[in-house]
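Asker: Next up, start.txt (compact mmCIF, C-alpha atoms).
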```txt
# COMPACT_ATOMS: atom_id res chain seq x y z
CA MET A 248 16.18 107.90 82.37
CA LYS A 249 18.13 110.82 83.79
CA LYS A 250 20.56 108.41 85.42
CA SER A 251 21.23 106.79 82.07
CA ILE A 252 21.93 110.18 80.49
CA TYR A 253 24.28 111.13 83.30
CA ALA A 254 26.10 107.79 82.98
CA PHE A 255 26.43 108.30 79.24
CA ILE A 256 27.86 111.81 79.68
CA LEU A 257 30.30 110.65 82.36
CA SER A 258 31.50 107.78 80.14
CA ALA A 259 31.99 110.18 77.26
CA MET A 260 34.02 112.53 79.45
CA ILE A 261 36.24 109.69 80.69
CA LEU A 262 36.83 108.49 77.14
CA THR A 263 37.72 112.04 76.10
CA VAL A 264 40.25 112.41 78.94
CA VAL A 265 41.79 109.00 78.26
CA SER A 266 42.02 109.65 74.53
CA CYS A 267 43.65 113.03 75.19
CA GLY A 268 46.09 111.44 77.60
CA ASP A 269 46.98 108.82 75.04
CA LYS A 270 47.61 111.37 72.32
CA LYS A 271 51.29 111.54 71.42
CA ASP A 272 53.14 114.76 70.77
CA PRO A 273 55.50 114.19 67.83
CA GLN A 274 57.65 117.15 68.85
CA ALA A 275 58.09 115.78 72.39
CA ILE A 276 58.99 112.36 70.99
CA GLN A 277 61.58 113.91 68.67
CA TYR A 278 62.94 116.04 71.54
CA LEU A 279 63.42 112.92 73.67
CA ASP A 280 65.07 111.11 70.76
CA ASN A 281 67.50 114.02 70.42
CA ILE A 282 68.34 113.73 74.12
CA ARG A 283 69.06 110.03 73.71
CA ALA A 284 71.32 110.82 70.77
CA LEU A 285 73.24 113.37 72.84
CA TYR A 286 73.63 110.78 75.58
CA GLU A 287 74.98 108.20 73.13
CA GLN A 288 77.41 110.79 71.73
CA GLY A 289 78.76 111.58 75.20
CA GLU A 290 77.29 115.10 75.29
CA TYR A 291 76.17 114.63 78.87
CA ASN A 292 75.90 118.24 80.01
CA THR A 293 73.78 119.23 77.01
CA ALA A 294 71.61 116.13 77.47
CA LEU A 295 70.99 117.03 81.13
CA GLN A 296 70.07 120.59 80.21
CA GLN A 297 67.54 119.39 77.64
CA ILE A 298 66.07 116.85 80.05
CA ASP A 299 65.46 119.68 82.50
CA SER A 300 63.69 121.63 79.75
CA ILE A 301 61.33 118.95 78.46
CA GLN A 302 58.72 119.46 81.17
CA VAL A 303 58.59 123.19 80.45
CA LEU A 304 58.43 122.78 76.69
CA PHE A 305 55.96 119.87 76.67
CA PRO A 306 54.01 119.96 79.96
CA LYS A 307 51.39 117.45 78.76
CA ALA A 308 53.82 114.91 77.28
CA PHE A 309 53.64 112.82 80.43
CA GLN A 310 55.24 109.65 79.08
CA GLU A 311 58.13 111.51 77.45
CA ILE A 312 58.72 113.46 80.66
CA LYS A 313 58.74 110.22 82.65
CA ASP A 314 61.15 108.58 80.19
CA ALA A 315 63.41 111.63 80.23
CA LEU A 316 63.62 111.63 84.04
CA ALA A 317 64.52 107.95 83.99
CA LEU A 318 67.19 108.64 81.37
CA LYS A 319 68.55 111.48 83.51
CA GLN A 320 69.91 109.01 86.06
CA GLU A 321 71.79 107.10 83.38
CA VAL A 322 73.22 110.32 81.93
CA ARG A 323 74.41 111.41 85.36
CA ARG A 324 76.02 108.05 85.98
CA ALA A 325 77.82 108.11 82.64
CA SER A 326 78.98 111.68 83.29
CA ASP A 327 80.36 110.75 86.72
CA GLU A 328 82.06 107.61 85.40
CA ARG A 329 83.81 109.72 82.78
CA GLN A 330 84.77 112.24 85.49
CA ILE A 331 86.39 109.47 87.53
CA THR A 332 88.33 108.15 84.54
CA SER A 333 89.49 111.64 83.61
CA CYS A 334 90.60 112.44 87.17
CA ASP A 335 92.53 109.18 87.44
CA SER A 336 94.38 109.83 84.18
CA LEU A 337 95.33 113.38 85.21
CA ILE A 338 96.39 112.41 88.74
CA VAL A 339 98.78 109.88 87.19
CA ILE A 340 100.34 112.78 85.26
CA TYR A 341 100.54 115.20 88.19
CA GLN A 342 101.94 112.88 90.85
CA PRO A 343 105.36 112.20 89.22
CA LYS A 344 105.82 115.94 88.69
CA ILE A 345 105.07 116.56 92.36
CA ASP A 346 107.44 113.82 93.48
CA SER A 347 110.19 115.25 91.26
CA ILE A 348 109.94 118.85 92.47
CA LYS A 349 109.70 117.76 96.11
CA LYS A 350 113.34 116.70 95.82
CA LEU A 351 114.20 120.41 95.91
CA PHE A 352 112.61 120.72 99.37
CA ILE A 353 113.05 119.47 102.88
CA TYR A 354 110.00 118.47 104.92
CA ARG A 355 109.54 119.82 108.43
CA LYS A 356 106.88 118.98 110.94
CA GLU A 357 107.09 119.89 114.59
CA LYS A 358 105.69 117.47 117.15
CA ASP A 359 102.73 119.65 118.08
CA ASP A 360 101.93 120.88 114.56
CA ASP A 361 98.84 119.70 112.71
CA TYR A 362 100.62 119.82 109.38
CA GLY A 363 104.10 119.82 107.89
CA VAL A 364 105.80 122.26 105.54
CA TYR A 365 107.98 121.83 102.47
CA ILE A 366 110.90 124.29 102.63
CA PRO A 367 113.24 124.95 99.66
CA LYS A 368 116.60 123.44 100.52
CA THR A 369 118.49 126.50 99.32
CA VAL A 370 116.88 128.80 101.93
CA SER A 371 116.09 126.34 104.70
CA SER A 372 118.04 127.92 107.57
CA ASN A 373 115.91 128.38 110.68
CA THR A 374 117.81 131.53 111.63
CA PRO A 375 118.26 133.95 108.72
CA THR A 376 121.30 136.21 108.82
CA SER A 377 120.02 139.00 106.56
CA MET A 378 116.87 140.58 105.16
CA MET A 379 115.21 138.21 102.73
CA LEU A 380 112.08 136.67 101.28
CA ARG A 381 111.58 132.98 101.90
CA SER A 382 108.76 130.61 101.11
CA GLY A 383 107.18 127.28 101.97
CA VAL A 384 104.32 124.97 100.98
CA ASN A 385 102.01 123.36 103.51
CA ASP A 386 100.77 119.77 103.35
CA ASN A 387 97.47 120.98 101.91
CA GLY A 388 99.26 122.71 99.01
CA SER A 389 98.83 126.26 100.25
CA MET A 390 101.91 128.46 99.85
CA TYR A 391 103.27 131.35 101.86
CA ILE A 392 105.97 133.99 101.41
CA GLU A 393 107.73 135.40 104.46
CA SER A 394 109.57 138.70 104.64
CA VAL A 395 112.40 138.71 107.16
CA TYR A 396 113.69 141.97 108.60
CA ILE A 397 116.47 142.14 111.15
CA GLY A 398 116.55 145.27 113.27
CA GLY A 399 113.07 145.78 114.65
CA GLN A 400 111.29 147.66 111.86
CA LEU A 401 107.49 147.49 111.94
CA HIS A 402 106.18 146.49 108.51
CA ASN A 403 102.99 144.83 107.30
CA THR A 404 103.14 144.84 103.49
CA ILE A 405 105.46 143.27 100.91
CA ARG A 406 105.95 144.86 97.50
CA VAL A 407 108.08 143.41 94.71
CA SER A 408 108.78 145.53 91.63
CA THR A 409 110.72 145.50 88.37
CA LYS A 410 112.84 148.35 86.98
CA ASP A 411 110.11 149.38 84.56
CA GLY A 412 107.66 150.01 87.40
CA ASN A 413 105.55 146.86 87.32
CA PHE A 414 104.88 145.43 90.75
CA ALA A 415 102.82 143.17 92.93
CA GLU A 416 101.97 144.01 96.51
CA SER A 417 100.54 141.86 99.27
CA LEU A 418 97.51 142.86 101.23
CA SER A 419 98.14 144.24 104.69
CA ILE A 420 99.30 141.45 107.01
CA GLU A 421 98.22 141.64 110.62
CA GLY A 422 97.44 139.38 113.55
CA ASP A 423 98.69 136.34 115.43
CA GLY A 424 99.96 133.54 113.24
CA PHE A 425 101.05 135.95 110.49
CA VAL A 426 103.34 138.40 112.34
CA PHE A 427 106.31 137.19 114.38
CA ARG A 428 108.60 139.51 116.35
CA PHE A 429 111.31 138.14 118.64
CA SER A 430 114.90 138.53 119.82
CA HIS A 431 117.71 136.07 119.14
CA MET A 432 121.41 136.40 120.00
CA GLY A 433 120.94 140.11 120.69
CA LYS A 434 119.16 140.82 117.39
CA GLN A 435 115.57 141.88 116.77
CA TYR A 436 113.73 139.83 114.15
CA GLU A 437 110.49 140.64 112.38
CA ILE A 438 108.94 137.98 110.14
CA ILE A 439 105.70 138.68 108.27
CA GLN A 440 103.95 135.75 106.58
CA ALA A 441 101.89 136.38 103.45
CA THR A 442 99.63 133.36 102.99
CA SER A 443 97.23 132.79 100.10
CA ILE A 444 94.88 135.18 101.93
CA HIS A 445 97.34 138.07 101.57
CA ASP A 446 99.37 137.05 98.49
CA ASN A 447 97.46 139.20 95.99
CA GLY A 448 99.51 137.90 93.04
CA LEU A 449 102.90 138.24 94.73
CA ALA A 450 104.15 134.67 94.15
CA ASN A 451 102.99 134.63 90.55
CA PHE A 452 104.67 137.98 89.87
CA ILE A 453 108.02 136.78 91.21
CA SER A 454 107.77 133.50 89.29
CA THR A 455 106.89 135.29 86.06
CA ASN A 456 109.74 137.81 86.41
CA ILE A 457 112.38 135.45 87.74
CA ASP A 458 114.91 136.50 85.05
CA ALA A 459 114.49 140.24 85.75
CA PRO A 460 116.10 142.27 88.55
CA LEU A 461 113.53 142.53 91.35
CA THR A 462 113.35 144.98 94.23
CA VAL A 463 111.62 144.18 97.51
CA THR A 464 110.06 146.97 99.53
CA LEU A 465 108.87 146.29 103.06
CA LYS A 466 106.23 148.87 103.88
CA GLY A 467 104.75 149.87 107.21
CA LYS A 468 105.77 152.28 109.93
CA ASN A 469 109.09 152.51 108.12
CA THR A 470 110.12 151.51 104.60
CA THR A 471 113.05 149.29 103.68
CA THR A 472 114.20 148.27 100.20
CA PHE A 473 116.58 145.55 99.02
CA SER A 474 117.31 143.56 95.87
CA LEU A 475 115.88 140.05 95.68
CA PRO A 476 118.73 137.54 95.08
CA ASN A 477 118.39 134.92 92.37
CA ILE A 478 118.53 132.09 94.90
CA GLN A 479 115.47 133.48 96.68
CA LYS A 480 113.61 134.09 93.42
CA LYS A 481 114.24 130.48 92.40
CA ALA A 482 113.10 129.17 95.78
CA ILE A 483 109.84 131.14 95.54
CA LYS A 484 109.23 129.96 91.98
CA ASP A 485 109.80 126.32 93.00
CA SER A 486 107.39 126.77 95.92
CA TYR A 487 104.80 128.33 93.63
CA GLN A 488 105.09 125.46 91.18
CA LEU A 489 104.84 122.80 93.90
CA SER A 490 101.83 124.55 95.41
CA ARG A 491 99.97 124.70 92.10
CA LEU A 492 100.66 121.06 91.31
CA MET A 493 99.53 119.89 94.76
CA LEU A 494 96.36 121.99 94.65
CA GLN A 495 95.49 120.75 91.16
CA ARG A 496 96.06 117.13 92.18
CA ASP A 497 93.97 117.53 95.32
CA SER A 498 91.21 119.23 93.34
CA LEU A 499 91.11 116.25 90.98
CA ALA A 500 90.99 113.84 93.92
CA THR A 501 88.09 115.79 95.43
CA ALA A 502 86.19 115.81 92.12
CA LYS A 503 86.72 112.05 91.83
CA ASP A 504 85.45 111.45 95.38
CA LYS A 505 82.32 113.52 94.71
CA ALA A 506 81.61 111.61 91.49
CA GLN A 507 81.98 108.29 93.33
CA MET A 508 79.59 109.48 96.05
CA ARG A 509 77.00 110.55 93.47
CA ILE A 510 77.17 107.12 91.82
CA LYS A 511 76.75 105.50 95.22
CA TYR A 512 73.73 107.70 95.80
CA LEU A 513 72.19 106.73 92.44
CA ASP A 514 72.76 103.04 93.21
CA ALA A 515 71.13 103.40 96.61
CA LYS A 516 68.22 105.30 95.08
CA ARG A 517 67.78 102.61 92.44
CA ASP A 518 67.76 99.92 95.13
CA SER A 519 65.29 101.97 97.22
CA ILE A 520 67.79 102.54 100.03
CA PRO A 521 67.11 105.92 101.64
CA VAL A 522 70.27 108.01 101.26
CA VAL A 523 70.49 111.80 101.49
CA LEU A 524 73.02 113.35 99.10
CA PRO A 525 74.71 116.47 100.54
CA ASN A 526 74.28 119.66 98.50
CA SER A 527 78.04 119.83 97.98
CA LEU A 528 77.95 116.55 96.06
CA LYS A 529 75.00 117.34 93.79
CA GLN A 530 75.65 117.94 90.13
CA GLU A 531 74.81 121.38 88.87
CA GLU A 532 71.45 121.34 87.21
```
Represent the supplied structure as structure tokens.

Answerer:
Amino acid sequence: MKKSIYAFILSAMILTVVSCGDKKDPQAIQYLDNIRALYEQGEYNTALQQIDSIQVLFPKAFQEIKDALALKQEVRRASDERQITSCDSLIVIYQPKIDSIKKLFIYRKEKDDDYGVYIPKTVSSNTPTSMMLRSGVNDNGSMYIESVYIGGQLHNTIRVSTKDGNFAESLSIEGDGFVFRFSHMGKQYEIIQATSIHDNGLANFISTNIDAPLTVTLKGKNTTTFSLPNIQKKAIKDSYQLSRLMLQRDSLATAKDKAQMRIKYLDAKRDSIPVVLPNSLKQEE
């Protein structure tokens, strides 16, 4: 008799659990429908955010949570496919601009160098004959500005200023690869290279104020000042423009590659092929 009672109670408990599990939450259903609508409208980022919230908002809506997680993969794929299309369309715009401005430069690459440099044709002499600022753009799009002093002064900072007192000043430049001191034909040369690490807004300042008189001050153990000629201002502006275009194009290419890798990962996951996606390629949650 007791066994029958226990069996009856156990059956009742199972039925209760099953019936509770089968109970639908109208709010969770509506929430999932809203996510689907966002997906269909192309609002992928918002859809992903809401998918990540459904488990917190409706912890017992197991079927809706499961459906949302399945939908998440499709949303990610659609988002990445749009990213690829967008990158392709922008790269097509950037590349002709890059090719056009490169005509203002010569390309140099020494035999033992890992990369080449685009040098403005107007200031491309290997041996400068006077104090100056000159610039170049590396293969990877990074730009540098070099200050050239003839006479042996020790300086480590480049400042460029306008008559009204506005200025931009590089960070202190020290160390091998950035400071070059040598003798040539009886003259002492000092060349300091301000890369993107040291630039501190210098290239942008010159490019923005190209039509204004600019004064260069080389600061260090001694201080030297000279006016920046128009030809040098123009060369720096061209370098700055080329650098920005190359960096933007390369950024688009990188974003496209990451999107393609994420799609490949989703395909492999769908086909049950074990693939580990690097953290650098994961979409932000």

Asker: Could you give me, as a PyMOL selection string, the residues that have an atom at most 12 Å away from the point (54.1, 112.1, 80.8) in the coordinates of the file, using all atoms listed in the file?

Answerer: chain A and resi 267-272+275-276+279+301-303+305-317

Asker: At a cut-off of 12 Å, using only C-alpha atoms, what residues contact Glu328 of chain A? Leave out same-chain residues fewer than 3 positions from it and give the result as a list in words.

Answerer: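 These residues fall inside the cut-off: Gly289, Tyr291, Glu321, Val322, Arg323, Arg324, Ala325, Ile331, Thr332, Ser333, Cys334, Asp335, Ala502, Lys503, Asp504, Lys505, Ala506, Gln507, Met508, Arg509, Ile510 and Lys511 of chain A.
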
Asker: Mind running segment 451-531 of chain A against segment 369-391 of chain A at 12 Å and telling me each contacting residue's nearest atom pair with the distance in Å (one decimal), counting all atoms listed in the file, chain and number ascending, as CSV?

Answerer:
```
residue,atom,partner,partner_atom,distance
A:Asn451,CA,A:Met390,CA,11.2
A:Ile453,CA,A:Leu380,CA,10.9
A:Leu461,CA,A:Leu380,CA,11.6
A:Thr462,CA,A:Leu380,CA,11.0
A:Val463,CA,A:Leu380,CA,8.4
A:Thr464,CA,A:Leu380,CA,10.6
A:Leu465,CA,A:Met378,CA,10.1
A:Thr471,CA,A:Met378,CA,9.6
A:Thr472,CA,A:Met378,CA,9.5
A:Phe473,CA,A:Met378,CA,7.9
A:Ser474,CA,A:Met379,CA,8.9
A:Leu475,CA,A:Met379,CA,7.3
A:Pro476,CA,A:Met379,CA,8.4
A:Asn477,CA,A:Thr369,CA,10.9
A:Ile478,CA,A:Thr369,CA,7.1
A:Gln479,CA,A:Arg381,CA,6.5
A:Lys480,CA,A:Leu380,CA,8.4
A:Lys481,CA,A:Thr369,CA,9.0
A:Ala482,CA,A:Thr369,CA,7.0
A:Ile483,CA,A:Ser382,CA,5.7
A:Lys484,CA,A:Ser382,CA,9.2
A:Asp485,CA,A:Ser382,CA,9.2
A:Ser486,CA,A:Gly383,CA,6.1
A:Tyr487,CA,A:Met390,CA,6.9
A:Gln488,CA,A:Met390,CA,9.7
A:Leu489,CA,A:Val384,CA,7.4
A:Ser490,CA,A:Gly388,CA,4.8
A:Arg491,CA,A:Gly388,CA,7.2
A:Leu492,CA,A:Gly388,CA,8.0
A:Met493,CA,A:Gly388,CA,5.1
A:Leu494,CA,A:Gly388,CA,5.3
A:Gln495,CA,A:Gly388,CA,8.9
A:Arg496,CA,A:Gly388,CA,9.4
A:Asp497,CA,A:Asn387,CA,8.2
A:Ser498,CA,A:Gly388,CA,10.4
```

Asker: May I ask for the distance between atom CA of Arg428 of chain A and atom CA of Tyr396 of chain A, given in Å to one decimal place?

Answerer: 9.6 Å

Asker: Counting all atoms listed in the file, which residue out of A:Gln296, A:Arg406, A:Ile340, A:Ile353 sits closest to Ile366 of chain A?

Answerer: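 The closest residue to Ile366 of chain A is A:Ile353.
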
Asker: Let me have the centre and edge lengths of the axis-aligned box enclosing all listed atoms of segment 323-330 of chain A with 5 Å padding on every side, in Å to one decimal, as JSON.

Answerer:
```
{"center_x": 79.6, "center_y": 109.9, "center_z": 84.7, "size_x": 20.4, "size_y": 14.6, "size_z": 14.1}
```

Asker: Could you work out how far atom CA of Gly399 of chain A lies from atom CA of Asp361 of chain A, giving the answer in Å with one decimal?

Answerer: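 The value is 29.8 Å.
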
Asker: Point out the residue among A:Tyr286, A:Ile439, A:Lys356, A:Gly363 with the least atom-to-atom distance to Gln320 of chain A, counting all atoms listed in the file.

Answerer: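 The closest residue to Gln320 of chain A is A:Tyr286.
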
Asker: Set the distance at 9 Å and use only C-alpha atoms: which residues neighbour Leu449 of chain A once local chain neighbours fewer than 6 positions away are removed? I'd like the list as a PyMOL selection string.

Answerer: chain A and resi 392+405-407+414-417+441

Asker: Nearest residue to Lys434 of chain A out of A:Gly398, A:Arg283, A:Ser300, A:Val339, using all atoms listed in the file?

Answerer: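 Using all atoms listed in the file, Lys434 of chain A sits closest to A:Gly398.
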
Asker: For Ser419 of chain A, which residue among A:Asn447, A:Gln274, A:Ser454, A:Asn403 is the nearest when counting all atoms listed in the file?

Answerer: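 Under the stated criterion, the closest residue is A:Asn403.
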
Asker: Between A:Gln435, A:Ile348, A:Gln297, A:Gln440, which is the closest to Asp280 of chain A once you count only C-alpha atoms?

Answerer: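 Selected residue with least distance to Asp280 of chain A: A:Gln297.
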
Asker: Save segment 416-433 of chain A of the structure in the block above to a file, with C-alpha atoms included, as a PDB file, in the first residue's frame.

Answerer:
```pdb
ATOM      1  CA  GLU A 416      55.867  69.486 -30.249  1.00  0.00           C
ATOM      2  CA  SER A 417      57.189  65.958 -30.575  1.00  0.00           C
ATOM      3  CA  LEU A 418      57.948  63.820 -27.595  1.00  0.00           C
ATOM      4  CA  SER A 419      61.605  63.490 -26.668  1.00  0.00           C
ATOM      5  CA  ILE A 420      63.407  61.360 -29.263  1.00  0.00           C
ATOM      6  CA  GLU A 421      66.208  59.144 -28.032  1.00  0.00           C
ATOM      7  CA  GLY A 422      67.914  55.880 -28.861  1.00  0.00           C
ATOM      8  CA  ASP A 423      69.308  53.852 -31.736  1.00  0.00           C
ATOM      9  CA  GLY A 424      67.185  53.867 -34.858  1.00  0.00           C
ATOM     10  CA  PHE A 425      65.809  57.342 -34.111  1.00  0.00           C
ATOM     11  CA  VAL A 426      68.963  59.457 -33.684  1.00  0.00           C
ATOM     12  CA  PHE A 427      71.645  59.587 -36.375  1.00  0.00           C
ATOM     13  CA  ARG A 428      74.881  61.566 -36.039  1.00  0.00           C
ATOM     14  CA  PHE A 429      77.646  61.312 -38.634  1.00  0.00           C
ATOM     15  CA  SER A 430      80.224  63.240 -40.663  1.00  0.00           C
ATOM     16  CA  HIS A 431      80.128  63.724 -44.430  1.00  0.00           C
ATOM     17  CA  MET A 432      82.453  65.826 -46.598  1.00  0.00           C
ATOM     18  CA  GLY A 433      83.798  67.579 -43.506  1.00  0.00           C
TER      19      GLY A 433
END
```
